[in-house]
Amino acid sequence: MHSFQYHKGVLHCENVSLAQVAKEAGTPVYAYSAATILDHYRRLDAAFAGIDHLICYAVKANSNIAILNLLARENSGFDIVSWGELFRVRKAGGKPEACTFAGVGKSEDEIRLALRQEILSFNVESESELKRIDAIARSLKRRAPVAVRVNPDVDAGTHKYISTGKSENKFGIGFERAMEVYAAAAKMPNIRIRGVQVHIGSQITTAAPFAEAVVKMAPLVSELSRSHGIEFFSIGGGIGIVYENSFASGDSKWWKKNGSITIESYAEAVIPHLKKLGVRILFEPGRLMVGNAGVLLTRVNYVKKTGKKTFVIVDAGMNDLIRPALYQGYHQIVPVKKPARAGTIVADVVGPICESGDFFAQDRAMPEPKEGDLLALMSAGAYGFSMASNYNSRPLPAEVLVKDGGAHLIRERQTSEDLVRGEKIPEE
Ligand code: LLP
């Protein structure tokens, strides 16, 4: 579901005209709907109402503090992967004690900081890390809360860059070794075993791999609960969203006709296996919360026809949204103002960056745009801004949150001074 629709031929986010947003904030600009984010959070929360659970939003998907604040107000927890994300969560009013800290390469400083801030748990990815956490906790005279991330060797059926639950991926501890690692952890005086975690990948579009992972983990979870008194089982994130038909998927009727994963089908697939475990269930959704809640607005700068192709050259580039270049990600592209009578063309929509990988769509049939027209790249709320860079010395774009009937600038566009902040020419 999402809150983007046309009113009188102009694309709106909730009740706010996106033409107006682009006029005020300039382009490229990300625009997000608070109502969509809250709807996703509340529906996931409601779907698991029968089970003790905590949603830990995966901050990496979109880490703007205004968005974190929306979720903190709902009492969401957070899944963090760096000290920077922990800083953002605190800045946004989130609680460290509801933060799980994931990642294969936590630094000593990060471990120390997170221990001092009393996070809910470290999701431990290796035995070396476990020993490191124990030693740091000892030096601080604390006990470090941990969950071991177990790699269940399940195929998530997603892009190879975002598949994490196979034995060839760098993540977690092998399923077969898990009990041994817990036994070692139990002997470490400054470790407090709190849970167990799995995360098999991202943009998973069917419920079956989630059910498979949970079924595989269930006996281990029961055993850990018996032998080590674990309190929670985190089943990670990874629920996929609709990209190809993002616009149509805003309408609830679309869901009835299409077999895409939904919060409800996900819940139905995993709840029967989770209920009997008797431990708290944690979720780490990122994309599901914010993906369909955001668009990237961009203006057509040139339309260039070569012998072979038509290029629609827009003012956003791969530095603003890297998903098409990096994962062959598909984003639907729609006009902000519906043209009265435009023909359809087949075009490549490309950015201004000096790389052939700088494209948003290739050979895409679309209404013929004119120079100066505004386009919206749909479903850009997750891993859009959060993966943006200054490549080609382009300032990071602005971000706008539509909330309670108004558009709020939640990040200013960078200035030329921002581009060189912290840089220094050595003195002669
Ligand atoms: N938990 C862990 C341990 C993760 O590694 C991730 C994502 C999540 C939760 C959240 O997954 P989600 O619910 O968002 O699928 N940049 C890529 C996606 C990278 C995902 C990394 N890990 C993309 O744009 O498709």
# chains A, B, ... in the order shown; residues from 1 in each chain; ligands from 1
$ residues_near_ligand --ligand "ligand 1" --cutoff "8 Å" --atoms "only C-alpha atoms and all ligand atoms" --output "PyMOL selection string"
chain A and resi 57-58+60-61+79+102-103+161-162+164+198-199+201-204+236-240+283-289+322-323+327+329+382-384+387
$ residues_around --residues "segment 337-353 of chain A" --least-positions-apart "4" --cutoff "10 Å" --atoms "only C-alpha atoms" --output "PyMOL selection string"
chain A and resi 6-12+17-19+298+300-301+303-305+309-320+333+357-370+373-376+391-392+394
$ residues_around --residues "segment 215-225 of chain A" --least-positions-apart "2" --cutoff "10 Å" --atoms "only C-alpha atoms" --output "ChimeraX atom specification"
/A:150-154,175-176,178-179,182-183,193-198,209-213,227-233,235,270,272-274,276-279
$ select_by_dssp --residues "segment 55-304 of chain A" --states "alpha helix (DSSP H)" --output "ChimeraX atom specification"
/A:65-72,83-91,108-116,127-139,178-187,208-228,252-257,263-275,287-290
$ decode --residues "segment 120-144 of chain A" --atoms "N, CA, C and O atoms" --output "CSV table (one decimal), in the first residue's frame"
chain,number,residue,atom,x,y,z
A,120,LEU,N,20.0,-3.4,23.6
A,120,LEU,CA,19.3,-4.7,23.9
A,120,LEU,C,20.2,-5.9,23.6
A,120,LEU,O,20.2,-6.8,24.4
A,121,SER,N,20.9,-5.9,22.5
A,121,SER,CA,21.7,-7.0,22.2
A,121,SER,C,22.7,-6.8,21.0
A,121,SER,O,22.4,-6.0,20.1
A,122,PHE,N,23.8,-7.4,21.1
A,122,PHE,CA,24.7,-7.5,20.0
A,122,PHE,C,24.4,-8.8,19.2
A,122,PHE,O,24.3,-9.9,19.8
A,123,ASN,N,24.1,-8.7,17.9
A,123,ASN,CA,23.9,-9.9,17.1
A,123,ASN,C,25.3,-10.3,16.7
A,123,ASN,O,25.9,-9.7,15.8
A,124,VAL,N,25.8,-11.3,17.3
A,124,VAL,CA,27.2,-11.7,17.1
A,124,VAL,C,27.4,-12.6,15.9
A,124,VAL,O,26.6,-13.5,15.6
A,125,GLU,N,28.4,-12.2,15.1
A,125,GLU,CA,28.6,-12.8,13.8
A,125,GLU,C,29.7,-13.8,13.7
A,125,GLU,O,29.9,-14.5,12.7
A,126,SER,N,30.6,-13.9,14.7
A,126,SER,CA,31.7,-14.8,14.7
A,126,SER,C,32.2,-15.1,16.1
A,126,SER,O,31.9,-14.3,17.1
A,127,GLU,N,33.0,-16.1,16.3
A,127,GLU,CA,33.5,-16.4,17.6
A,127,GLU,C,34.5,-15.4,18.0
A,127,GLU,O,34.6,-15.1,19.2
A,128,SER,N,35.3,-14.9,17.1
A,128,SER,CA,36.3,-13.8,17.4
A,128,SER,C,35.6,-12.6,18.0
A,128,SER,O,36.0,-12.0,18.9
A,129,GLU,N,34.4,-12.3,17.4
A,129,GLU,CA,33.7,-11.1,17.8
A,129,GLU,C,33.2,-11.4,19.3
A,129,GLU,O,33.2,-10.5,20.1
A,130,LEU,N,32.7,-12.6,19.5
A,130,LEU,CA,32.2,-12.9,20.8
A,130,LEU,C,33.3,-12.7,21.9
A,130,LEU,O,33.0,-12.1,22.9
A,131,LYS,N,34.5,-13.2,21.6
A,131,LYS,CA,35.6,-13.1,22.5
A,131,LYS,C,35.9,-11.6,22.7
A,131,LYS,O,36.2,-11.1,23.8
A,132,ARG,N,35.9,-10.8,21.6
A,132,ARG,CA,36.2,-9.4,21.7
A,132,ARG,C,35.2,-8.7,22.6
A,132,ARG,O,35.6,-7.9,23.4
A,133,ILE,N,33.9,-9.0,22.4
A,133,ILE,CA,32.9,-8.4,23.2
A,133,ILE,C,33.0,-8.7,24.7
A,133,ILE,O,32.9,-7.9,25.5
A,134,ASP,N,33.4,-10.0,24.9
A,134,ASP,CA,33.6,-10.4,26.3
A,134,ASP,C,34.7,-9.6,27.0
A,134,ASP,O,34.6,-9.1,28.1
A,135,ALA,N,35.8,-9.5,26.2
A,135,ALA,CA,37.0,-8.8,26.8
A,135,ALA,C,36.7,-7.3,27.0
A,135,ALA,O,37.0,-6.7,28.1
A,136,ILE,N,36.0,-6.7,26.1
A,136,ILE,CA,35.6,-5.3,26.3
A,136,ILE,C,34.7,-5.1,27.4
A,136,ILE,O,34.8,-4.2,28.2
A,137,ALA,N,33.7,-6.0,27.5
A,137,ALA,CA,32.7,-5.9,28.6
A,137,ALA,C,33.5,-6.0,30.0
A,137,ALA,O,33.1,-5.3,30.9
A,138,ARG,N,34.5,-6.9,30.0
A,138,ARG,CA,35.2,-7.1,31.2
A,138,ARG,C,35.9,-5.8,31.6
A,138,ARG,O,35.9,-5.4,32.8
A,139,SER,N,36.5,-5.2,30.6
A,139,SER,CA,37.3,-4.0,30.9
A,139,SER,C,36.3,-2.9,31.4
A,139,SER,O,36.7,-2.0,32.1
A,140,LEU,N,35.1,-2.9,31.0
A,140,LEU,CA,34.1,-1.9,31.5
A,140,LEU,C,33.3,-2.4,32.7
A,140,LEU,O,32.4,-1.7,33.1
A,141,LYS,N,33.6,-3.6,33.2
A,141,LYS,CA,32.9,-4.2,34.3
A,141,LYS,C,31.4,-4.3,34.0
A,141,LYS,O,30.6,-3.9,34.8
A,142,ARG,N,31.1,-4.8,32.8
A,142,ARG,CA,29.7,-5.0,32.5
A,142,ARG,C,29.5,-6.4,31.9
A,142,ARG,O,30.5,-7.1,31.6
A,143,ARG,N,28.2,-6.8,31.7
A,143,ARG,CA,27.9,-8.0,31.0
A,143,ARG,C,27.3,-7.6,29.7
A,143,ARG,O,26.3,-6.8,29.7
A,144,ALA,N,27.8,-8.2,28.6
A,144,ALA,CA,27.3,-7.8,27.3
A,144,ALA,C,26.2,-8.7,26.9
A,144,ALA,O,26.3,-9.9,26.9
